[in-house]
>>> print(open('my_file.tsv').read())   # TSV, C-alpha atoms
chain	number	residue	atom	x	y	z
A	1	VAL	CA	15.26	-21.59	-4.94
A	2	ASP	CA	11.90	-19.91	-5.38
A	3	ARG	CA	12.23	-16.38	-6.73
A	4	TRP	CA	9.30	-14.00	-6.72
A	5	LEU	CA	8.98	-10.70	-8.52
A	6	ILE	CA	6.40	-8.22	-7.24
A	7	TYR	CA	5.56	-5.04	-9.12
A	8	PHE	CA	4.23	-2.09	-7.11
A	9	TYR	CA	3.02	1.08	-8.82
A	10	GLU	CA	2.95	4.69	-7.71
A	11	ASP	CA	-0.78	5.24	-7.29
A	12	GLU	CA	-2.71	6.52	-4.28
A	13	ASP	CA	-2.80	3.06	-2.70
A	14	GLY	CA	0.74	2.07	-3.60
A	15	ASN	CA	2.64	3.28	-0.55
A	16	ALA	CA	0.09	1.95	1.93
A	17	SER	CA	0.01	-1.40	0.15
A	18	PHE	CA	3.80	-1.65	0.10
A	19	THR	CA	4.16	-0.71	3.77
A	20	ALA	CA	1.57	-3.29	4.81
A	21	PHE	CA	3.16	-5.91	2.54
A	22	ARG	CA	6.59	-5.33	4.08
A	23	LYS	CA	5.21	-5.60	7.62
A	24	THR	CA	3.65	-8.94	6.71
A	25	PHE	CA	7.14	-10.47	6.60
A	26	THR	CA	8.61	-9.04	9.81
A	27	ASP	CA	8.47	-12.25	11.86
A	28	SER	CA	11.62	-14.21	12.75
A	29	ASN	CA	11.40	-16.57	9.75
A	30	TRP	CA	12.12	-13.81	7.24
A	31	ALA	CA	14.83	-11.21	6.64
A	32	VAL	CA	14.00	-7.95	4.85
A	33	ILE	CA	16.90	-6.38	2.96
A	34	ASP	CA	16.28	-2.76	2.00
A	35	SER	CA	18.26	-1.72	-1.06
A	36	GLY	CA	16.88	1.79	-1.28
A	37	ILE	CA	14.63	1.49	-4.33
A	38	TYR	CA	13.56	-2.11	-3.74
A	39	VAL	CA	13.52	-4.76	-1.04
A	40	ILE	CA	14.45	-8.43	-1.02
A	41	ILE	CA	12.65	-10.65	1.49
A	42	LYS	CA	14.51	-13.88	2.18
A	43	SER	CA	13.55	-16.97	4.15
A	44	LYS	CA	15.98	-17.73	6.99
A	45	LYS	CA	15.42	-21.48	7.05
A	46	GLY	CA	13.63	-24.21	5.13
A	47	LYS	CA	13.35	-24.02	1.36
A	48	GLU	CA	14.95	-20.85	0.03
A	49	VAL	CA	12.37	-18.25	-0.98
A	50	ASN	CA	13.57	-14.86	-2.23
A	51	ILE	CA	10.94	-12.20	-2.83
A	52	TYR	CA	11.95	-9.11	-4.82
A	53	ALA	CA	9.68	-6.04	-4.75
A	54	ASN	CA	10.21	-2.48	-5.95
A	55	LYS	CA	9.09	0.45	-3.83
A	56	PRO	CA	6.09	2.30	-5.31
A	57	LYS	CA	7.92	5.65	-5.30
A	58	ASN	CA	10.60	3.95	-7.37
A	59	GLU	CA	8.21	2.41	-9.86
A	60	TYR	CA	10.46	2.87	-12.89
A	61	ASP	CA	14.03	2.66	-11.56
A	62	GLY	CA	13.13	0.03	-8.96
A	63	GLN	CA	11.45	-2.28	-11.46
A	64	ALA	CA	14.25	-1.74	-13.99
A	65	ARG	CA	16.88	-2.60	-11.39
A	66	LEU	CA	15.12	-5.79	-10.36
A	67	GLU	CA	14.72	-6.84	-13.98
A	68	LYS	CA	18.44	-6.28	-14.52
A	69	ILE	CA	19.25	-8.47	-11.50
A	70	PHE	CA	17.09	-11.23	-12.92
A	71	ALA	CA	18.51	-10.86	-16.43
A	72	ASP	CA	22.16	-10.69	-15.31
A	73	ASN	CA	21.78	-13.84	-13.20
A	74	PHE	CA	19.52	-15.70	-15.65
A	75	TYR	CA	16.77	-15.84	-13.01
A	76	GLU	CA	13.16	-16.50	-13.94
A	77	PRO	CA	10.39	-15.61	-11.46
A	78	ASN	CA	8.46	-18.64	-10.24
A	79	VAL	CA	5.83	-16.28	-8.88
A	80	LEU	CA	4.88	-12.97	-10.49
A	81	VAL	CA	2.64	-10.53	-8.63
A	82	HIS	CA	0.83	-7.38	-9.77
A	83	ARG	CA	0.13	-4.86	-6.99
A	84	GLY	CA	-1.52	-1.76	-8.36
A	85	HIS	CA	-4.64	-0.48	-10.07
A	86	SER	CA	-6.08	-2.41	-12.99
A	87	TYR	CA	-4.92	0.17	-15.53
A	88	TYR	CA	-1.33	-0.88	-14.73
A	89	ALA	CA	-2.08	-4.59	-15.05
A	90	SER	CA	-1.05	-4.89	-18.69
A	91	LYS	CA	2.45	-3.68	-17.77
A	92	THR	CA	2.87	-6.57	-15.34
A	93	ILE	CA	1.23	-9.10	-17.63
A	94	ASP	CA	3.82	-8.19	-20.27
A	95	LYS	CA	6.52	-9.44	-17.86
A	96	ILE	CA	5.18	-13.02	-17.69
A	97	LYS	CA	7.64	-15.70	-18.81
A	98	ASP	CA	6.89	-19.15	-20.21
A	99	ASP	CA	7.80	-20.81	-16.93
A	100	THR	CA	6.00	-18.42	-14.59
A	101	GLN	CA	4.25	-20.93	-12.35
A	102	ILE	CA	1.97	-18.62	-10.35
A	103	PHE	CA	0.59	-15.23	-11.36
A	104	VAL	CA	-1.20	-13.14	-8.74
A	105	LEU	CA	-3.25	-10.30	-10.18
A	106	GLY	CA	-3.93	-8.26	-7.06
A	107	SER	CA	-5.87	-5.50	-8.80
A	108	CYS	CA	-9.56	-4.93	-9.38
A	109	GLY	CA	-11.24	-7.05	-12.02
A	110	GLY	CA	-8.15	-9.12	-12.75
A	111	TYR	CA	-10.39	-12.03	-13.70
A	112	HIS	CA	-10.94	-10.41	-17.10
A	113	SER	CA	-7.25	-10.71	-18.07
A	114	ILE	CA	-7.11	-14.50	-17.86
A	115	SER	CA	-6.84	-15.27	-21.57
A	116	THR	CA	-3.96	-12.81	-22.05
A	117	ILE	CA	-2.07	-14.37	-19.14
A	118	ILE	CA	-2.53	-17.91	-20.45
A	119	GLU	CA	-1.26	-16.84	-23.88
A	120	LYS	CA	2.04	-15.92	-22.22
A	121	SER	CA	2.30	-18.85	-19.80
A	122	SER	CA	-0.01	-21.71	-20.66
A	123	GLU	CA	0.48	-23.57	-17.38
A	124	ALA	CA	0.43	-20.65	-14.94
A	125	SER	CA	-1.84	-20.92	-11.90
A	126	ILE	CA	-3.78	-17.65	-11.78
A	127	ILE	CA	-5.19	-15.89	-8.73
A	128	SER	CA	-7.46	-12.95	-9.47
A	129	SER	CA	-10.48	-11.04	-8.24
A	130	LYS	CA	-13.80	-10.55	-10.02
A	131	GLN	CA	-14.29	-7.24	-8.28
A	132	ILE	CA	-12.07	-5.20	-5.95
A	133	GLY	CA	-8.56	-6.32	-5.00
A	134	THR	CA	-7.36	-5.39	-1.52
A	135	MET	CA	-4.13	-5.58	0.48
A	136	TYR	CA	-6.11	-7.11	3.34
A	137	VAL	CA	-6.46	-10.23	1.19
A	138	ASN	CA	-3.35	-9.92	-0.99
A	139	ASN	CA	-0.83	-9.68	1.88
A	140	PRO	CA	-1.98	-12.67	3.95
A	141	MET	CA	-2.42	-14.67	0.74
A	142	LEU	CA	1.18	-14.01	-0.33
A	143	LYS	CA	2.45	-14.79	3.17
A	144	ILE	CA	0.57	-18.10	3.33
A	145	LEU	CA	1.78	-19.04	-0.15
A	146	ALA	CA	5.37	-18.19	0.78
A	147	GLU	CA	5.11	-20.24	3.97
A	148	HIS	CA	3.73	-23.27	2.11
A	149	ILE	CA	6.62	-23.14	-0.35
A	150	ASN	CA	9.17	-22.44	2.39
A	151	ARG	CA	8.07	-25.58	4.24
A	152	GLY	CA	8.73	-27.57	1.07
A	153	GLU	CA	5.08	-28.45	0.63
A	154	ASP	CA	3.36	-28.88	-2.69
A	155	VAL	CA	0.96	-25.98	-3.20
A	156	GLU	CA	-2.49	-27.44	-2.63
A	157	TRP	CA	-4.81	-24.60	-3.54
A	158	GLN	CA	-7.80	-25.84	-1.55
A	159	LYS	CA	-5.71	-26.06	1.62
A	160	LEU	CA	-4.10	-22.70	1.00
A	161	TRP	CA	-7.50	-21.12	0.37
A	162	ASN	CA	-8.87	-22.62	3.57
A	163	ASP	CA	-5.91	-21.18	5.49
A	164	LEU	CA	-6.47	-17.78	3.91
A	165	GLU	CA	-10.17	-17.83	4.72
A	166	ALA	CA	-9.37	-18.59	8.36
A	167	VAL	CA	-7.11	-15.52	8.51
A	168	VAL	CA	-9.48	-13.01	6.86
A	169	LYS	CA	-12.84	-14.19	8.22
A	170	ASN	CA	-12.56	-12.04	11.36
A	171	ASN	CA	-12.37	-8.88	9.27
A	172	SER	CA	-15.80	-8.41	7.68
A	173	LYS	CA	-14.59	-6.02	4.94
A	174	ALA	CA	-11.65	-8.24	4.04
A	175	TYR	CA	-13.83	-11.33	4.03
A	176	GLU	CA	-16.35	-9.68	1.72
A	177	ARG	CA	-13.53	-8.92	-0.76
A	178	PHE	CA	-12.05	-12.40	-0.27
A	179	LEU	CA	-15.26	-13.96	-1.57
A	180	ASP	CA	-14.65	-12.25	-4.94
A	181	TYR	CA	-11.18	-13.76	-5.32
A	182	ILE	CA	-10.86	-16.76	-7.63
A	183	PRO	CA	-8.24	-19.40	-6.72
A	184	PRO	CA	-6.66	-21.47	-9.51
A	185	HIS	CA	-8.61	-24.64	-8.72
A	186	LYS	CA	-11.92	-22.78	-9.09
A	187	ASN	CA	-10.94	-20.53	-11.97
A	188	LEU	CA	-13.35	-21.98	-14.51
A	189	GLY	CA	-12.38	-19.46	-17.18
A	190	ALA	CA	-8.71	-20.45	-16.99
A	191	ILE	CA	-9.54	-24.16	-16.79
A	192	PHE	CA	-11.74	-23.90	-19.89
A	193	ILE	CA	-9.11	-22.02	-21.92
A	194	LYS	CA	-6.34	-24.45	-20.93
A	195	THR	CA	-8.50	-27.46	-21.76
A	196	TYR	CA	-9.50	-25.95	-25.10
A	197	ASN	CA	-5.86	-25.20	-25.98
A	198	GLN	CA	-4.85	-28.76	-25.10
A	199	MET	CA	-7.59	-30.14	-27.35
A	200	ILE	CA	-6.40	-27.96	-30.24
A	201	GLU	CA	-2.81	-29.10	-29.73
A	202	GLN	CA	-3.87	-32.75	-29.74
A	203	GLU	CA	-5.79	-32.29	-32.98
A	204	ASN	CA	-2.75	-30.73	-34.61
>>> encode(input="my_file.tsv", output="structure tokens")
Amino acid sequence: VDRWLIYFYEDEDGNASFTAFRKTFTDSNWAVIDSGIYVIIKSKKGKEVNIYANKPKNEYDGQARLEKIFADNFYEPNVLVHRGHSYYASKTIDKIKDDTQIFVLGSCGGYHSISTIIEKSSEASIISSKQIGTMYVNNPMLKILAEHINRGEDVEWQKLWNDLEAVVKNNSKAYERFLDYIPPHKNLGAIFIKTYNQMIEQEN
């Protein structure tokens, strides 16, 4: 089972981002369960993918409730996603676990938080933007990633990025923002830090 945890924050973009995110998963392959202060999006077939996301208006109680669900059931998020302004990013980064496999920093300038993320999860694949994050890239990216996993495919970042580019290229504003996003296989900062850490470990 793949379990995702997505943190939304109550800023001026939060509600619009959440509404658009939820609509992204309204096709017949997914079920959206509304629990009042959070939603759970579940795949109906294929590999089981469960996506937990708090509602922005329930930033505190929604996030706390989801964290309790994960703690009570000994769940660890395979995928952790930050959806909010950059000044909230540190709150989400603090939630990273050792075995977080993918971290999506959907805020502006997330690229600058790479070293902190790697300190918490040395093997995490990091998606971030050098400039402005936008729901018009974040939502299709998350949907494509979820679909890849749901089909039982290994996540091949180049293929996923090509699929994402094909979706956003018809929207000039989205495409302009997309070009500032850094996928894991091209994240030279993360690759350098991971390689350096491995060299240090080998020397020790």
>>> closest_residue(input="my_file.tsv", among="A:Val168, A:Val137, A:Ala124, A:Ile6", to="Val81 of chain A", atoms="only C-alpha atoms")
A:Ile6
>>> closest_atom_pairs(input="my_file.tsv", of="segment 53-167 of chain A", to="segment 24-35 of chain A", cutoff="8 Å", atoms="all atoms listed in the file", output="Markdown table")
| residue | atom | partner | partner_atom | distance |
| --- | --- | --- | --- | --- |
| A:Asn139 | CA | A:Thr24 | CA | 6.6 |
| A:Pro140 | CA | A:Thr24 | CA | 7.3 |
| A:Lys143 | CA | A:Thr24 | CA | 6.9 |
>>> write_last_selection(input="my_file.tsv", atoms="C-alpha atoms", output="compact mmCIF listing (two decimals), in the coordinates of the input")
# COMPACT_ATOMS: atom_id res chain seq x y z
CA ASN A 139 -0.83 -9.68 1.88
CA PRO A 140 -1.98 -12.67 3.95
CA LYS A 143 2.45 -14.79 3.17
>>> residues_around(input="my_file.tsv", residues="Ile149 of chain A", least_positions_apart="4", cutoff="8 Å", atoms="all atoms listed in the file", output="ChimeraX atom specification")
/A:2,47,49,145,153-155
>>> residues_around(input="my_file.tsv", residues="Pro77 of chain A", least_positions_apart="3", cutoff="6 Å", atoms="only C-alpha atoms", output="ChimeraX atom specification")
/A:3-5
>>> closest_residue(input="my_file.tsv", among="A:Tyr181, A:Phe21, A:Tyr75, A:Tyr136", to="Ile41 of chain A", atoms="all atoms listed in the file")
A:Phe21
>>> closest_residue(input="my_file.tsv", among="A:Ile144, A:Thr134, A:Ala71, A:Ser86", to="Glu176 of chain A", atoms="only C-alpha atoms")
A:Thr134
>>> closest_residue(input="my_file.tsv", among="A:Glu48, A:Glu123, A:Asp13, A:Glu165", to="Met141 of chain A", atoms="only C-alpha atoms")
A:Glu165
>>> residues_around(input="my_file.tsv", residues="Val39 of chain A", least_positions_apart="3", cutoff="10 Å", atoms="only C-alpha atoms", output="list in words")
Arg22, Val32, Ile33, Asp34, Ser35, Gly36, Lys42, Ile51, Tyr52, Ala53, Asn54, Lys55, Gly62 and Leu66 of chain A
>>> axis_aligned_box(input="my_file.tsv", around="segment 77-89 of chain A", padding_each_side="4 Å", output="AutoDock Vina command-line options")
--center_x 2.2 --center_y -9.2 --center_z -11.3 --size_x 24.5 --size_y 26.8 --size_z 16.5
>>> atom_distance(input="my_file.tsv", atom1="atom CA of Ser90 of chain A", atom2="atom CA of Ser128 of chain A")
13.8 Å
>>> closest_residue(input="my_file.tsv", among="A:Arg65, A:Lys173, A:His82, A:Lys186", to="Asn138 of chain A", atoms="all atoms listed in the file")
A:His82
>>> residues_near_point(input="my_file.tsv", point="(-5.3, -7.0, -6.7)", cutoff="12 Å", atoms="all atoms listed in the file", output="PyMOL selection string")
chain A and resi 6-9+13-14+17+81-89+92+103-111+126-139+141-142+177-178+180-182
>>> atom_distance(input="my_file.tsv", atom1="atom CA of Tyr38 of chain A", atom2="atom CA of Asp99 of chain A")
23.6 Å
>>> build_atoms(input="my_file.tsv", residues="segment 139-150 of chain A", atoms="all heavy atoms", output="PDB file, in the frame of the given file")
ATOM      1  N   ASN A 139      -1.999  -9.472   1.012  1.00  0.00           N
ATOM      2  CA  ASN A 139      -0.830  -9.680   1.880  1.00  0.00           C
ATOM      3  C   ASN A 139      -0.874 -11.016   2.620  1.00  0.00           C
ATOM      4  O   ASN A 139       0.107 -11.762   2.575  1.00  0.00           O
ATOM      5  CB  ASN A 139      -0.674  -8.512   2.849  1.00  0.00           C
ATOM      6  CG  ASN A 139      -0.229  -7.237   2.146  1.00  0.00           C
ATOM      7  OD1 ASN A 139       0.411  -7.296   1.101  1.00  0.00           O
ATOM      8  ND2 ASN A 139      -0.581  -6.101   2.694  1.00  0.00           N
ATOM      9  N   PRO A 140      -1.964 -11.347   3.316  1.00  0.00           N
ATOM     10  CA  PRO A 140      -1.980 -12.670   3.950  1.00  0.00           C
ATOM     11  C   PRO A 140      -1.912 -13.813   2.946  1.00  0.00           C
ATOM     12  O   PRO A 140      -1.324 -14.857   3.231  1.00  0.00           O
ATOM     13  CB  PRO A 140      -3.294 -12.683   4.732  1.00  0.00           C
ATOM     14  CG  PRO A 140      -4.127 -11.592   4.167  1.00  0.00           C
ATOM     15  CD  PRO A 140      -3.160 -10.564   3.671  1.00  0.00           C
ATOM     16  N   MET A 141      -2.482 -13.625   1.769  1.00  0.00           N
ATOM     17  CA  MET A 141      -2.420 -14.670   0.740  1.00  0.00           C
ATOM     18  C   MET A 141      -0.974 -14.924   0.333  1.00  0.00           C
ATOM     19  O   MET A 141      -0.536 -16.085   0.244  1.00  0.00           O
ATOM     20  CB  MET A 141      -3.247 -14.252  -0.482  1.00  0.00           C
ATOM     21  CG  MET A 141      -3.110 -15.191  -1.669  1.00  0.00           C
ATOM     22  SD  MET A 141      -4.210 -14.733  -3.031  1.00  0.00           S
ATOM     23  CE  MET A 141      -3.731 -13.035  -3.350  1.00  0.00           C
ATOM     24  N   LEU A 142      -0.209 -13.855   0.073  1.00  0.00           N
ATOM     25  CA  LEU A 142       1.180 -14.010  -0.330  1.00  0.00           C
ATOM     26  C   LEU A 142       2.009 -14.627   0.791  1.00  0.00           C
ATOM     27  O   LEU A 142       2.893 -15.450   0.541  1.00  0.00           O
ATOM     28  CB  LEU A 142       1.766 -12.653  -0.742  1.00  0.00           C
ATOM     29  CG  LEU A 142       1.153 -12.023  -1.999  1.00  0.00           C
ATOM     30  CD1 LEU A 142       1.711 -10.626  -2.227  1.00  0.00           C
ATOM     31  CD2 LEU A 142       1.395 -12.896  -3.228  1.00  0.00           C
ATOM     32  N   LYS A 143       1.705 -14.239   2.023  1.00  0.00           N
ATOM     33  CA  LYS A 143       2.450 -14.790   3.170  1.00  0.00           C
ATOM     34  C   LYS A 143       2.181 -16.292   3.308  1.00  0.00           C
ATOM     35  O   LYS A 143       3.107 -17.098   3.500  1.00  0.00           O
ATOM     36  CB  LYS A 143       2.042 -14.056   4.452  1.00  0.00           C
ATOM     37  CG  LYS A 143       2.757 -14.551   5.731  1.00  0.00           C
ATOM     38  CD  LYS A 143       4.218 -14.175   5.716  1.00  0.00           C
ATOM     39  CE  LYS A 143       4.917 -14.560   7.027  1.00  0.00           C
ATOM     40  NZ  LYS A 143       4.319 -13.948   8.217  1.00  0.00           N
ATOM     41  N   ILE A 144       0.941 -16.680   3.210  1.00  0.00           N
ATOM     42  CA  ILE A 144       0.570 -18.100   3.330  1.00  0.00           C
ATOM     43  C   ILE A 144       1.205 -18.902   2.200  1.00  0.00           C
ATOM     44  O   ILE A 144       1.740 -19.991   2.414  1.00  0.00           O
ATOM     45  CB  ILE A 144      -0.962 -18.263   3.352  1.00  0.00           C
ATOM     46  CG1 ILE A 144      -1.529 -17.713   4.672  1.00  0.00           C
ATOM     47  CG2 ILE A 144      -1.358 -19.726   3.179  1.00  0.00           C
ATOM     48  CD1 ILE A 144      -3.033 -17.572   4.677  1.00  0.00           C
ATOM     49  N   LEU A 145       1.166 -18.363   0.990  1.00  0.00           N
ATOM     50  CA  LEU A 145       1.780 -19.040  -0.150  1.00  0.00           C
ATOM     51  C   LEU A 145       3.281 -19.206   0.070  1.00  0.00           C
ATOM     52  O   LEU A 145       3.845 -20.285  -0.161  1.00  0.00           O
ATOM     53  CB  LEU A 145       1.509 -18.256  -1.434  1.00  0.00           C
ATOM     54  CG  LEU A 145       2.139 -18.797  -2.724  1.00  0.00           C
ATOM     55  CD1 LEU A 145       1.647 -20.215  -3.015  1.00  0.00           C
ATOM     56  CD2 LEU A 145       1.821 -17.868  -3.903  1.00  0.00           C
ATOM     57  N   ALA A 146       3.926 -18.138   0.521  1.00  0.00           N
ATOM     58  CA  ALA A 146       5.370 -18.190   0.780  1.00  0.00           C
ATOM     59  C   ALA A 146       5.694 -19.216   1.854  1.00  0.00           C
ATOM     60  O   ALA A 146       6.689 -19.950   1.755  1.00  0.00           O
ATOM     61  CB  ALA A 146       5.881 -16.805   1.192  1.00  0.00           C
ATOM     62  N   GLU A 147       4.870 -19.290   2.884  1.00  0.00           N
ATOM     63  CA  GLU A 147       5.110 -20.240   3.970  1.00  0.00           C
ATOM     64  C   GLU A 147       4.929 -21.678   3.503  1.00  0.00           C
ATOM     65  O   GLU A 147       5.690 -22.566   3.894  1.00  0.00           O
ATOM     66  CB  GLU A 147       4.180 -19.932   5.141  1.00  0.00           C
ATOM     67  CG  GLU A 147       4.568 -18.654   5.879  1.00  0.00           C
ATOM     68  CD  GLU A 147       3.560 -18.256   6.944  1.00  0.00           C
ATOM     69  OE1 GLU A 147       2.393 -18.706   6.852  1.00  0.00           O
ATOM     70  OE2 GLU A 147       3.941 -17.496   7.864  1.00  0.00           O
ATOM     71  N   HIS A 148       3.934 -21.925   2.672  1.00  0.00           N
ATOM     72  CA  HIS A 148       3.730 -23.270   2.110  1.00  0.00           C
ATOM     73  C   HIS A 148       4.964 -23.707   1.336  1.00  0.00           C
ATOM     74  O   HIS A 148       5.461 -24.826   1.507  1.00  0.00           O
ATOM     75  CB  HIS A 148       2.510 -23.281   1.179  1.00  0.00           C
ATOM     76  CG  HIS A 148       1.209 -23.532   1.865  1.00  0.00           C
ATOM     77  ND1 HIS A 148       0.559 -24.739   1.816  1.00  0.00           N
ATOM     78  CD2 HIS A 148       0.439 -22.736   2.639  1.00  0.00           C
ATOM     79  CE1 HIS A 148      -0.558 -24.673   2.517  1.00  0.00           C
ATOM     80  NE2 HIS A 148      -0.656 -23.465   3.023  1.00  0.00           N
ATOM     81  N   ILE A 149       5.454 -22.822   0.471  1.00  0.00           N
ATOM     82  CA  ILE A 149       6.620 -23.140  -0.350  1.00  0.00           C
ATOM     83  C   ILE A 149       7.863 -23.301   0.525  1.00  0.00           C
ATOM     84  O   ILE A 149       8.668 -24.215   0.334  1.00  0.00           O
ATOM     85  CB  ILE A 149       6.830 -22.055  -1.424  1.00  0.00           C
ATOM     86  CG1 ILE A 149       5.653 -22.062  -2.411  1.00  0.00           C
ATOM     87  CG2 ILE A 149       8.148 -22.266  -2.169  1.00  0.00           C
ATOM     88  CD1 ILE A 149       5.654 -20.898  -3.383  1.00  0.00           C
ATOM     89  N   ASN A 150       8.012 -22.396   1.496  1.00  0.00           N
ATOM     90  CA  ASN A 150       9.170 -22.440   2.390  1.00  0.00           C
ATOM     91  C   ASN A 150       9.244 -23.748   3.182  1.00  0.00           C
ATOM     92  O   ASN A 150      10.335 -24.254   3.475  1.00  0.00           O
ATOM     93  CB  ASN A 150       9.108 -21.241   3.349  1.00  0.00           C
ATOM     94  CG  ASN A 150      10.215 -21.250   4.378  1.00  0.00           C
ATOM     95  OD1 ASN A 150       9.950 -21.288   5.583  1.00  0.00           O
ATOM     96  ND2 ASN A 150      11.451 -21.206   3.936  1.00  0.00           N
TER      97      ASN A 150
END
